[in-house]
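Engineer: If it helps, the file is called protein00.txt and holds compact mmCIF, C-alpha atoms and all ligand atoms:
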```txt
# COMPACT_ATOMS: atom_id res chain seq x y z
CA MET A 1 -19.23 -16.31 -0.95
CA ASP A 2 -16.80 -18.69 -2.63
CA ILE A 3 -14.25 -16.07 -3.66
CA LYS A 4 -11.67 -18.72 -4.47
CA SER A 5 -13.68 -20.25 -7.30
CA ILE A 6 -14.50 -16.79 -8.66
CA LEU A 7 -10.79 -15.94 -8.79
CA ALA A 8 -10.12 -19.28 -10.51
CA HIS A 9 -11.95 -17.74 -13.50
CA TYR A 10 -10.25 -14.36 -13.14
CA SER A 11 -8.97 -14.28 -16.73
CA ALA A 12 -12.59 -14.34 -17.96
CA PHE A 13 -13.21 -10.85 -16.58
CA GLU A 14 -9.72 -9.39 -16.16
CA GLU A 15 -9.48 -6.08 -18.06
CA LYS A 16 -6.46 -7.03 -20.12
CA THR A 17 -5.85 -3.62 -21.70
CA LEU A 18 -4.76 -2.35 -18.25
CA SER A 19 -1.60 -4.37 -17.80
CA ASN A 20 0.65 -2.09 -15.74
CA ARG A 21 0.29 0.91 -13.41
CA PHE A 22 0.88 3.56 -16.07
CA PHE A 23 -2.39 3.65 -18.01
CA LYS A 24 -3.89 7.08 -18.66
CA HIS A 25 -7.24 8.87 -18.80
CA LYS A 26 -7.67 8.10 -22.52
CA ASP A 27 -7.28 4.38 -21.79
CA ILE A 28 -10.10 4.31 -19.26
CA ILE A 29 -12.35 6.56 -21.37
CA ARG A 30 -12.07 3.98 -24.17
CA LEU A 31 -13.28 1.33 -21.72
CA ILE A 32 -16.07 3.46 -20.24
CA THR A 33 -17.42 4.18 -23.75
CA ARG A 34 -17.70 0.43 -24.40
CA LEU A 35 -19.74 -0.38 -21.27
CA SER A 36 -23.12 -2.02 -21.94
CA LEU A 37 -26.37 -0.03 -21.72
CA GLU A 38 -27.13 -1.06 -18.13
CA PHE A 39 -24.31 1.26 -17.07
CA ASN A 40 -25.33 4.88 -16.84
CA VAL A 41 -22.35 7.17 -17.46
CA GLU A 42 -22.40 10.80 -16.32
CA GLN A 43 -19.61 13.34 -16.58
CA LEU A 44 -19.31 14.99 -13.16
CA GLY A 45 -16.82 17.66 -14.17
CA ILE A 46 -13.27 18.18 -15.36
CA SER A 47 -9.81 18.13 -13.80
CA VAL A 48 -7.44 21.14 -13.69
CA LYS A 49 -6.15 20.16 -17.14
CA GLY A 50 -9.61 19.59 -18.60
CA LYS A 51 -9.91 15.81 -18.36
CA SER A 52 -13.38 14.41 -17.66
CA ILE A 53 -14.16 12.81 -14.31
CA ASN A 54 -17.02 10.36 -14.74
CA ALA A 55 -19.49 8.51 -12.55
CA ILE A 56 -20.90 5.19 -13.67
CA LYS A 57 -24.19 4.03 -12.14
CA TRP A 58 -25.29 0.42 -12.11
CA GLY A 59 -27.92 -1.67 -10.28
CA LYS A 60 -31.53 -1.17 -9.25
CA GLY A 61 -31.38 -1.98 -5.56
CA GLU A 62 -32.00 0.18 -2.50
CA THR A 63 -28.61 0.13 -0.82
CA LYS A 64 -26.43 2.83 -2.31
CA VAL A 65 -22.70 2.19 -2.57
CA MET A 66 -20.16 4.68 -3.92
CA LEU A 67 -16.68 3.52 -5.00
CA TRP A 68 -13.90 5.87 -6.08
CA SER A 69 -10.28 5.28 -7.04
CA GLN A 70 -6.97 6.97 -7.80
CA MET A 71 -7.40 10.24 -5.89
CA HIS A 72 -3.63 9.81 -5.86
CA GLY A 73 -2.51 9.60 -9.48
CA ASP A 74 0.23 7.05 -8.85
CA GLU A 75 -2.10 4.64 -7.02
CA ALA A 76 -3.57 2.69 -9.91
CA THR A 77 -4.45 -0.71 -8.42
CA GLY A 78 -7.99 0.26 -7.37
CA THR A 79 -8.77 1.53 -10.87
CA MET A 80 -7.59 -1.73 -12.46
CA ALA A 81 -9.76 -3.67 -10.00
CA LEU A 82 -12.78 -1.47 -10.82
CA PHE A 83 -12.46 -2.23 -14.53
CA ASP A 84 -12.24 -5.94 -13.68
CA LEU A 85 -15.43 -5.36 -11.69
CA PHE A 86 -17.17 -3.70 -14.67
CA ASN A 87 -16.37 -6.81 -16.74
CA PHE A 88 -17.54 -9.11 -13.96
CA LEU A 89 -20.85 -7.23 -13.65
CA GLN A 90 -21.49 -7.90 -17.34
CA LYS A 91 -21.38 -11.68 -16.74
CA GLU A 92 -24.40 -13.82 -15.93
CA ASN A 93 -24.20 -15.27 -12.44
CA GLU A 94 -25.93 -15.35 -9.07
CA ILE A 95 -23.74 -12.74 -7.40
CA VAL A 96 -24.25 -10.27 -10.21
CA ASN A 97 -28.02 -10.79 -9.95
CA LEU A 98 -27.90 -10.33 -6.19
CA LEU A 99 -25.88 -7.12 -6.45
CA ASN A 100 -28.16 -5.80 -9.17
CA GLU A 101 -31.30 -6.46 -7.11
CA SER A 102 -29.92 -5.18 -3.80
CA CYS A 103 -27.56 -2.33 -4.60
CA GLU A 104 -27.16 0.78 -6.65
CA LEU A 105 -23.48 1.39 -7.36
CA LEU A 106 -21.94 4.75 -8.21
CA ILE A 107 -18.37 4.22 -9.40
CA ILE A 108 -15.86 7.03 -10.01
CA PRO A 109 -12.65 5.57 -11.44
CA MET A 110 -9.56 7.81 -11.58
CA VAL A 111 -10.53 10.89 -9.54
CA ASN A 112 -7.12 12.42 -10.36
CA PRO A 113 -6.51 11.97 -14.14
CA ASP A 114 -3.85 14.73 -14.26
CA GLY A 115 -1.86 12.95 -11.54
CA ALA A 116 -2.22 9.67 -13.45
CA GLU A 117 -0.86 11.36 -16.59
CA MET A 118 2.40 12.29 -14.81
CA PHE A 119 2.22 9.31 -12.42
CA THR A 120 2.28 11.62 -9.39
CA ARG A 121 0.35 11.50 -6.12
CA ARG A 122 -0.78 15.12 -6.36
CA ASN A 123 -3.00 16.90 -8.90
CA ALA A 124 -1.85 19.47 -11.48
CA GLN A 125 -1.98 22.21 -8.79
CA GLN A 126 0.50 20.12 -6.74
CA ILE A 127 -2.16 19.56 -4.10
CA ASP A 128 -2.94 16.26 -2.39
CA ILE A 129 -6.66 15.89 -3.16
CA ASN A 130 -7.10 13.66 -0.11
CA ARG A 131 -6.00 16.55 2.15
CA ASP A 132 -8.33 19.04 0.46
CA PHE A 133 -11.76 18.08 1.81
CA LEU A 134 -12.12 21.15 4.04
CA GLN A 135 -10.78 23.88 1.72
CA THR A 136 -11.86 22.16 -1.50
CA VAL A 137 -9.59 24.32 -3.68
CA THR A 138 -9.04 21.54 -6.25
CA PRO A 139 -11.76 20.84 -8.82
CA GLU A 140 -11.25 17.11 -8.26
CA ALA A 141 -12.01 17.37 -4.51
CA LYS A 142 -15.04 19.54 -5.27
CA ILE A 143 -16.36 16.90 -7.70
CA LEU A 144 -15.87 14.02 -5.27
CA ARG A 145 -17.38 15.88 -2.35
CA GLN A 146 -20.39 16.92 -4.43
CA ALA A 147 -20.87 13.39 -5.78
CA ARG A 148 -21.28 12.03 -2.24
CA GLU A 149 -23.65 14.81 -1.25
CA ASN A 150 -25.85 14.20 -4.29
CA PHE A 151 -25.87 10.39 -4.16
CA ASN A 152 -25.89 10.13 -0.34
CA PRO A 153 -24.60 6.55 -0.24
CA HIS A 154 -24.97 4.13 2.66
CA PHE A 155 -21.52 2.69 1.96
CA GLY A 156 -18.31 4.04 0.42
CA PHE A 157 -15.18 2.31 -0.89
CA ASN A 158 -12.12 4.57 -0.81
CA LEU A 159 -9.51 2.87 -3.03
CA HIS A 160 -5.79 3.57 -2.58
CA ASP A 161 -2.26 2.11 -2.71
CA GLN A 162 0.13 2.20 0.25
CA THR A 163 3.90 1.96 0.48
CA THR A 164 5.39 -1.49 -0.16
CA LEU A 165 7.28 -1.08 3.13
CA TRP A 166 4.28 -1.87 5.34
CA SER A 167 4.37 -5.36 6.81
CA VAL A 168 1.84 -7.23 8.92
CA ASP A 169 2.54 -7.22 12.64
CA GLY A 170 3.84 -10.56 13.85
CA THR A 171 4.32 -12.11 10.40
CA LEU A 172 7.29 -10.33 8.69
CA LYS A 173 5.30 -10.50 5.45
CA PRO A 174 4.37 -7.53 3.27
CA ALA A 175 0.95 -6.02 3.92
CA THR A 176 -0.29 -6.88 0.44
CA LEU A 177 -3.65 -5.44 1.38
CA SER A 178 -4.73 -3.21 4.24
CA TYR A 179 -8.22 -2.27 5.29
CA LEU A 180 -9.58 0.45 7.55
CA ALA A 181 -12.85 1.93 8.71
CA PRO A 182 -11.51 5.52 8.98
CA ALA A 183 -12.11 7.48 12.16
CA PHE A 184 -14.62 10.35 12.14
CA ASP A 185 -13.23 12.09 15.22
CA LYS A 186 -10.00 12.54 17.14
CA ALA A 187 -11.15 10.15 19.84
CA VAL A 188 -11.48 7.39 17.21
CA SER A 189 -15.02 6.72 18.42
CA ILE A 190 -17.27 3.99 17.09
CA ASN A 191 -20.81 4.91 16.07
CA ASP A 192 -23.27 2.89 13.95
CA VAL A 193 -21.91 4.33 10.68
CA ARG A 194 -18.29 3.39 11.39
CA LYS A 195 -19.36 0.13 13.00
CA ASN A 196 -21.08 -1.01 9.78
CA ALA A 197 -17.89 -0.29 7.85
CA MET A 198 -15.94 -2.36 10.41
CA LEU A 199 -18.38 -5.26 10.10
CA VAL A 200 -18.17 -5.30 6.29
CA ILE A 201 -14.35 -5.29 6.59
CA ALA A 202 -14.58 -8.23 9.01
CA ASP A 203 -16.50 -10.12 6.29
CA ILE A 204 -13.96 -9.15 3.62
CA TYR A 205 -11.10 -10.19 5.87
CA GLN A 206 -12.69 -13.57 6.52
CA ASP A 207 -12.86 -14.21 2.74
CA LEU A 208 -9.46 -12.79 1.81
CA ASN A 209 -7.40 -14.12 4.71
CA GLU A 210 -7.88 -17.60 3.26
CA LEU A 211 -6.36 -16.48 -0.03
CA LEU A 212 -3.66 -14.25 1.43
CA PRO A 213 -2.86 -15.64 4.88
CA GLN A 214 -0.80 -13.29 7.08
CA GLN A 215 -0.60 -10.66 4.35
CA ILE A 216 -3.49 -8.41 5.32
CA GLY A 217 -3.13 -5.64 7.88
CA LEU A 218 -5.22 -2.97 9.50
CA PHE A 219 -4.18 0.51 8.33
CA ASP A 220 -3.38 3.22 10.88
CA ASP A 221 -6.66 4.71 12.18
CA GLU A 222 -5.40 8.11 13.31
CA TYR A 223 -7.97 10.83 12.56
CA GLU A 224 -7.09 13.07 9.59
CA PRO A 225 -9.54 16.00 9.52
CA ARG A 226 -8.66 16.93 5.92
CA ALA A 227 -9.16 13.47 4.39
CA PHE A 228 -12.21 12.25 2.49
CA GLY A 229 -12.64 8.88 4.21
CA ASP A 230 -12.79 10.50 7.65
CA ASN A 231 -15.24 13.16 6.48
CA PHE A 232 -17.47 10.77 4.53
CA GLN A 233 -17.64 8.54 7.62
CA ASN A 234 -18.65 11.62 9.61
CA ALA A 235 -21.30 12.52 7.02
CA GLY A 236 -23.05 9.17 7.44
CA THR A 237 -21.52 7.01 4.70
CA SER A 238 -19.99 3.82 6.16
CA THR A 239 -16.60 4.14 4.53
CA ILE A 240 -14.18 1.31 3.82
CA LEU A 241 -10.57 2.09 2.93
CA ILE A 242 -8.67 -0.47 0.87
CA GLU A 243 -4.92 -0.10 0.35
CA ALA A 244 -2.79 -2.13 -2.07
CA GLY A 245 0.72 -2.69 -0.74
CA GLY A 246 3.55 -4.98 -1.83
CA TYR A 247 3.75 -8.58 -3.02
CA HIS A 248 6.87 -10.50 -3.97
CA ASN A 249 7.81 -10.16 -7.67
CA ASP A 250 4.74 -8.09 -8.50
CA PRO A 251 6.04 -4.56 -9.26
CA GLU A 252 3.13 -3.76 -11.58
CA LYS A 253 0.62 -5.08 -9.02
CA GLN A 254 -1.06 -7.49 -11.40
CA LYS A 255 -1.32 -10.21 -8.77
CA ILE A 256 -2.35 -7.80 -6.02
CA ARG A 257 -5.06 -6.42 -8.27
CA GLN A 258 -6.81 -9.81 -8.25
CA TYR A 259 -6.97 -9.81 -4.46
CA TYR A 260 -8.03 -6.19 -4.56
CA PHE A 261 -10.90 -7.04 -6.92
CA ALA A 262 -11.81 -9.95 -4.63
CA SER A 263 -11.88 -7.58 -1.63
CA ILE A 264 -14.28 -5.21 -3.37
CA LEU A 265 -16.53 -8.04 -4.54
CA SER A 266 -16.52 -9.63 -1.11
CA GLY A 267 -17.49 -6.31 0.48
CA LEU A 268 -20.28 -5.72 -2.03
CA ALA A 269 -21.63 -9.24 -1.45
CA SER A 270 -21.56 -8.67 2.31
CA ILE A 271 -23.56 -5.46 1.86
CA ALA A 272 -26.01 -7.01 -0.62
CA GLN A 273 -26.66 -10.08 1.54
CA LYS A 274 -26.52 -8.02 4.74
CA SER A 275 -24.23 -10.73 6.14
CA TYR A 276 -22.20 -8.02 7.89
CA THR A 277 -25.10 -7.56 10.32
CA SER A 278 -24.23 -10.90 11.91
CA GLN A 279 -20.49 -10.12 12.08
CA ARG A 280 -18.76 -9.10 15.31
CA ILE A 281 -16.67 -5.99 15.80
CA GLU A 282 -14.03 -8.10 17.60
CA HIS A 283 -13.27 -9.79 14.29
CA TYR A 284 -12.40 -6.39 12.81
CA LEU A 285 -10.31 -5.45 15.84
CA SER A 286 -8.42 -8.75 15.70
CA ILE A 287 -6.98 -8.03 12.23
CA PRO A 288 -3.21 -7.56 12.79
CA LYS A 289 -1.94 -4.00 12.44
CA ASN A 290 0.41 -2.67 9.79
CA THR A 291 3.98 -2.25 10.98
CA LYS A 292 7.34 -1.46 9.37
CA GLN A 293 9.61 -4.47 9.66
CA ILE A 294 10.49 -5.08 6.04
CA PHE A 295 13.06 -3.47 3.78
CA HIS A 296 13.39 -3.51 0.05
CA ILE A 297 16.88 -4.95 0.45
CA LEU A 298 18.51 -6.48 3.52
CA ILE A 299 22.20 -7.47 3.66
CA HIS A 300 23.42 -9.59 6.56
CA ASN A 301 26.97 -10.04 7.89
CA VAL A 302 28.56 -6.91 6.51
CA ILE A 303 31.80 -6.01 8.28
CA LEU A 304 31.56 -2.28 8.94
CA ASN A 305 34.21 -0.52 11.10
CA GLY A 306 35.31 -3.93 12.36
CA ILE A 307 31.86 -5.12 13.50
CA ASP A 308 29.38 -7.52 11.95
CA VAL A 309 26.12 -5.71 11.07
CA SER A 310 23.02 -6.00 8.93
CA VAL A 311 22.20 -3.18 6.52
CA GLY A 312 18.63 -2.23 5.56
CA ILE A 313 18.19 -0.43 2.24
CA ASN A 314 15.02 1.07 0.78
CA TYR A 315 14.30 2.87 -2.45
CA ASP A 316 12.23 5.92 -3.32
CA GLU A 317 10.33 5.47 -6.56
CA CYS A 318 9.97 8.59 -8.74
CA PRO A 319 8.24 8.95 -12.10
CA ASN A 320 10.28 9.62 -15.23
CA SER A 321 9.19 12.67 -17.23
CA ASP A 322 7.17 10.48 -19.62
CA GLY A 323 4.84 9.46 -16.75
CA CYS A 324 5.07 5.88 -18.05
CA SER A 325 8.00 4.53 -16.05
CA THR A 326 9.86 5.18 -12.80
CA TYR A 327 13.38 5.25 -11.43
CA LYS A 328 14.48 4.09 -8.01
CA THR A 329 16.92 5.76 -5.65
CA TYR A 330 18.32 3.50 -2.92
CA SER A 331 19.47 4.78 0.47
CA ILE A 332 20.74 3.25 3.71
CA GLN A 333 17.82 3.16 6.16
CA ASP A 334 19.19 1.10 9.04
CA ILE A 335 22.43 -0.47 10.27
CA GLY A 336 22.78 -2.93 13.16
CA ASP A 337 20.79 -5.87 14.48
CA LEU A 338 18.06 -6.40 11.86
CA SER A 339 17.62 -10.09 12.61
CA PHE A 340 13.91 -9.49 13.38
CA CYS A 341 13.30 -7.99 9.92
CA GLU A 342 12.50 -9.26 6.44
CA ALA A 343 13.01 -7.93 2.93
CA TYR A 344 11.91 -8.34 -0.67
CA ALA A 345 15.54 -9.30 -1.45
CA THR A 346 18.07 -10.60 1.10
CA TYR A 347 21.83 -11.03 0.68
CA GLU A 348 24.38 -12.86 2.83
CA ALA A 349 27.70 -10.94 2.75
CA LYS A 350 29.91 -13.16 4.91
CA ASN A 351 33.56 -13.08 3.70
CA HIS A 352 32.79 -10.33 1.18
CA THR A 353 34.88 -7.21 0.87
CA LEU A 354 33.18 -3.84 1.14
CA LYS A 355 34.22 -1.37 -1.54
CA GLY A 356 32.95 2.15 -1.07
CA GLU A 357 31.10 3.48 1.95
CA ILE A 358 27.94 2.54 3.84
CA ALA A 359 26.58 5.63 5.62
CA PHE A 360 23.28 5.88 7.49
CA ASN A 361 20.61 7.97 5.72
CA LYS A 362 22.89 8.47 2.71
CA LEU A 363 22.54 7.18 -0.85
CA ALA A 364 23.74 3.61 -1.34
CA ASN A 365 27.17 3.83 -3.00
CA PHE A 366 29.12 0.63 -2.44
CA SER A 367 29.79 -2.90 -3.65
CA LEU A 368 30.24 -6.21 -1.84
CA VAL A 369 32.72 -8.44 -3.63
CA MET A 370 34.34 -11.84 -3.11
CA ASP A 371 36.96 -13.31 -5.48
CA SER A 372 36.04 -10.68 -8.08
CA VAL A 373 32.36 -11.83 -8.00
CA THR A 374 29.98 -9.01 -7.08
CA LEU A 375 27.20 -9.85 -4.63
CA VAL A 376 25.42 -6.50 -4.91
CA SER A 377 26.49 -3.08 -6.14
CA PHE A 378 25.16 0.49 -5.94
CA GLU A 379 26.39 3.65 -7.59
CA ASN A 380 25.11 6.98 -6.22
CA GLY A 381 21.78 5.43 -5.21
CA ASN A 382 21.37 3.32 -8.34
CA LEU A 383 21.26 -0.43 -8.08
CA ILE A 384 23.65 -1.89 -10.65
CA GLU A 385 22.08 -5.03 -12.13
ZN ZN A 401 -3.69 7.23 -1.59
```
Here is the file; what I need is its structure written in the form of structure tokens.
Ligand SMILES: [Zn+2]

Structural biologist:
Amino acid sequence: MDIKSILAHYSAFEEKTLSNRFFKHKDIIRLITRLSLEFNVEQLGISVKGKSINAIKWGKGETKVMLWSQMHGDEATGTMALFDLFNFLQKENEIVNLLNESCELLIIPMVNPDGAEMFTRRNAQQIDINRDFLQTVTPEAKILRQARENFNPHFGFNLHDQTTLWSVDGTLKPATLSYLAPAFDKAVSINDVRKNAMLVIADIYQDLNELLPQQIGLFDDEYEPRAFGDNFQNAGTSTILIEAGGYHNDPEKQKIRQYYFASILSGLASIAQKSYTSQRIEHYLSIPKNTKQIFHILIHNVILNGIDVSVGINYDECPNSDGCSTYKTYSIQDIGDLSFCEAYATYEAKNHTLKGEIAFNKLANFSLVMDSVTLVSFENGNLIE
């Protein structure tokens, strides 16, 4: 599939009302209500705080594919990409016809609307829905689990965001996207179900690696018995995990979302055309792994206790009480030889004077100054800009 030329027309199907990560349940309900009649909308149930969780069915083909997003309320990229997909599916073109003839899609955007409201990972009971498959004490987990049992899909797309601190092994670039065919057992075995997920990912990777060279990694495949992806894989649905990570100068993930949409479309096309059946598992296994070799901020040539060091600084991002913005708290994460690392922002502190203190694992609370010009400055974990 020529994903490049599709993305060249991205603005024709981009859902422009979702323009940052902080949209809410009411915003997506407005969009769902406007979908054309070929989309069949069903309310599956309600969240802890009474917000509807909806499934949207589309397509008349035999291969069933279930896609769900935002189990973690602060992971909004997959939901934005799904609404781009809804717009795309309402266009006239060959791929849309192919998908319509070959597949039946069941799409559940925003599994965790209460989390999205507060911009938190967890639901209103403070539980991580993606660690609640076995106990199923949250209504959201119950709904998602039941939806898979009822629909019994061949393929599943589990749509998440990952930390911006993952990089791609061997490249020192952010892992803008990561893929994974989750394990279904502790031994990380490969059966036909998981293998099909791997082969579809190999197809997606082939398409996307051209657009995002060296910025796609393989997510950690350790078995998590409480997670949905692992359990859906075990239940016979070939499950594909997509994670949105970091990209330079894209804090609201509007650029990443395009690649995310392209990944979903590429995967759906692979399934519809059955091109994955001629893929090789080695191509999946050759995708470089995620690793942690990037910082949010890296400062080289700081004189600390008489020696020349590099300082790696990362932030934690927390939601403000309005759920519509965040604040960042910076702390010192590494000191020493960081010459093999990269960062979203890098400073060169040669000949600068350190004011304040740099202490490992403590909040950043210092300035670097030369001739009364400040290179970078932090106050109790806040970056002064
Ligand atoms: Zn997640």

Engineer: Kindly provide the residues of chain A that approach ligand ZN 401 (chain A) to within 6 Å, each paired with its closest atom pair and their distance in Å to one decimal, based on only C-alpha atoms and all ligand atoms, listed by chain and increasing number, as CSV.

Structural biologist:
```
residue,atom,partner,partner_atom,distance
A:His72,CA,A:ZN401,ZN,5.0
A:His160,CA,A:ZN401,ZN,4.3
A:Asp161,CA,A:ZN401,ZN,5.4
```

Engineer: Rounded to one decimal, what separation in Å do you get between CA of Lys255 (chain A) and CA of Ile271 (chain A)?

Structural biologist: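 So the two atoms, CA of Lys255 (chain A) and CA of Ile271 (chain A), lie 25.1 Å apart.
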
Engineer: List every residue of region 235-298 of chain A that has an atom at most 12 Å from any atom of region 68-71 of chain A, giving for each one its closest atom pair and the distance in Å to one decimal, counting all atoms listed in the file, sorted by chain and then by ascending residue number, as a tab-separated table.

Structural biologist:
```
residue	atom	partner	partner_atom	distance
A:Thr239	CA	A:Trp68	CA	11.1
A:Ile240	CA	A:Trp68	CA	10.9
A:Leu241	CA	A:Trp68	CA	10.3
A:Ile242	CA	A:Ser69	CA	9.9
A:Glu243	CA	A:Ser69	CA	10.6
A:Ala244	CA	A:Gln70	CA	11.5
A:Tyr260	CA	A:Ser69	CA	11.9
A:Ile264	CA	A:Trp68	CA	11.4
```

Engineer: Tell me, as a VMD selection string, which residues lie within 9 Å of region 21-28 of chain A, counting all atoms listed in the file; anything in the same chain fewer than 5 positions away does not count.

Structural biologist: chain A and resid 33 51 to 52 74 to 77 79 to 80 83 109 to 110 113 to 114 116 to 119 251 to 254 323 to 325

Engineer: Could you work out an axis-aligned bounding box for all listed atoms of region 107-125 of chain A, with 8 Å added on each of the six sides, and give its centre and edge lengths in Å to one decimal, as lines of an AutoDock Vina configuration file?

Structural biologist:
```
center_x = -8.0
center_y = 13.2
center_z = -11.4
size_x = 36.8
size_y = 34.0
size_z = 26.5
```

Engineer: Between CA of Arg121 (chain A) and CA of Ser47 (chain A), what is the spacing in Å?

Structural biologist: 14.4 Å

Engineer: Hey, can you check how far CA of Ala235 (chain A) sits from CA of Phe86 (chain A)?

Structural biologist: 27.4 Å

Engineer: Would you mind listing, for every residue of region 21-41 of chain A within 9 Å of region 87-95 of chain A, the two atoms forming the shortest contact and the distance between them in Å to one decimal, using only C-alpha atoms, sorted by chain and ascending residue number, as a tab-separated table?

Structural biologist:
```
residue	atom	partner	partner_atom	distance
A:Leu35	CA	A:Asn87	CA	8.6
A:Ser36	CA	A:Gln90	CA	7.6
A:Glu38	CA	A:Gln90	CA	8.9
```

Engineer: Would you write out those residues with C-alpha atoms, as a PDB file, keeping the file's coordinate frame?

Structural biologist:
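Result saved to part_5.pdb:
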```pdb
ATOM      1  CA  LEU A  35     -19.740  -0.380 -21.270  1.00  0.00           C
ATOM      2  CA  SER A  36     -23.120  -2.020 -21.940  1.00  0.00           C
ATOM      3  CA  GLU A  38     -27.130  -1.060 -18.130  1.00  0.00           C
TER       4      GLU A  38
END
```

Engineer: Of the candidates A:Gln258, A:Gln233, A:Ser275, A:Asn301, which one gets nearest to His9 (chain A) if we count all atoms listed in the file?

Structural biologist: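 Of the candidates, the smallest distance to His9 (chain A) is held by A:Gln258.
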
Engineer: Scan for residues within 9 Å of the point (-13.2, 21.8, -13.7) in the coordinates of the file, using all atoms listed in the file, and reply as a ChimeraX atom specification.

Structural biologist: /A:45-52,138-140,142-143

Engineer: When distances are computed from all atoms listed in the file, which of A:Lys328, A:Arg148, A:His300, A:Lys292 shows the smallest separation from Glu348 (chain A)?

Structural biologist: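 Among the listed residues, the smallest separation from Glu348 (chain A) belongs to A:His300.
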
Engineer: May I ask which of the residues A:Leu383, A:Leu268, A:Leu180, A:Leu85 is the closest one to His154 (chain A), counting only C-alpha atoms?

Structural biologist: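 Of all the options, A:Leu268 lies closest to His154 (chain A).
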
Engineer: Add whatever atoms are absent from region 34-39 of chain A to reach all heavy atoms, and provide the output as a short mmCIF file (atom, residue, chain, number, x, y, z; two decimals), keeping the file's coordinate frame.

Structural biologist:
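Listed below is the output, rebuild-v3.cif:
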```cif
data_model
loop_
_atom_site.label_atom_id
_atom_site.label_comp_id
_atom_site.auth_asym_id
_atom_site.auth_seq_id
_atom_site.Cartn_x
_atom_site.Cartn_y
_atom_site.Cartn_z
N ARG A 34 -17.26 1.76 -23.93
CA ARG A 34 -17.70 0.43 -24.40
C ARG A 34 -18.62 -0.29 -23.42
O ARG A 34 -19.06 -1.40 -23.70
CB ARG A 34 -16.47 -0.46 -24.60
CG ARG A 34 -15.68 -0.12 -25.83
CD ARG A 34 -14.54 -1.12 -25.96
NE ARG A 34 -13.52 -0.60 -26.85
CZ ARG A 34 -12.26 -1.01 -26.84
NH1 ARG A 34 -11.88 -1.94 -26.00
NH2 ARG A 34 -11.38 -0.49 -27.67
N LEU A 35 -18.90 0.31 -22.26
CA LEU A 35 -19.74 -0.38 -21.27
C LEU A 35 -21.14 -0.62 -21.84
O LEU A 35 -21.64 0.19 -22.63
CB LEU A 35 -19.84 0.45 -19.99
CG LEU A 35 -18.59 0.51 -19.11
CD1 LEU A 35 -18.77 1.55 -18.00
CD2 LEU A 35 -18.29 -0.86 -18.51
N SER A 36 -21.79 -1.70 -21.41
CA SER A 36 -23.12 -2.02 -21.94
C SER A 36 -24.14 -1.00 -21.41
O SER A 36 -23.87 -0.19 -20.52
CB SER A 36 -23.51 -3.44 -21.54
OG SER A 36 -23.71 -3.48 -20.14
N LEU A 37 -25.37 -1.08 -21.98
CA LEU A 37 -26.37 -0.03 -21.72
C LEU A 37 -26.89 -0.02 -20.28
O LEU A 37 -27.48 0.97 -19.84
CB LEU A 37 -27.55 -0.20 -22.69
CG LEU A 37 -27.19 0.13 -24.15
CD1 LEU A 37 -28.35 -0.22 -25.08
CD2 LEU A 37 -26.83 1.62 -24.30
N GLU A 38 -26.65 -1.08 -19.53
CA GLU A 38 -27.13 -1.06 -18.13
C GLU A 38 -26.26 -0.16 -17.25
O GLU A 38 -26.60 0.09 -16.11
CB GLU A 38 -27.22 -2.46 -17.51
CG GLU A 38 -26.55 -3.56 -18.27
CD GLU A 38 -26.27 -4.76 -17.39
OE1 GLU A 38 -27.08 -5.07 -16.52
OE2 GLU A 38 -25.21 -5.38 -17.60
N PHE A 39 -25.16 0.31 -17.80
CA PHE A 39 -24.31 1.26 -17.07
C PHE A 39 -24.66 2.68 -17.52
O PHE A 39 -24.65 2.98 -18.72
CB PHE A 39 -22.83 0.99 -17.33
CG PHE A 39 -22.35 -0.31 -16.79
CD1 PHE A 39 -22.45 -1.47 -17.54
CD2 PHE A 39 -21.79 -0.39 -15.51
CE1 PHE A 39 -22.01 -2.69 -17.04
CE2 PHE A 39 -21.35 -1.61 -15.01
CZ PHE A 39 -21.45 -2.76 -15.77
#
```
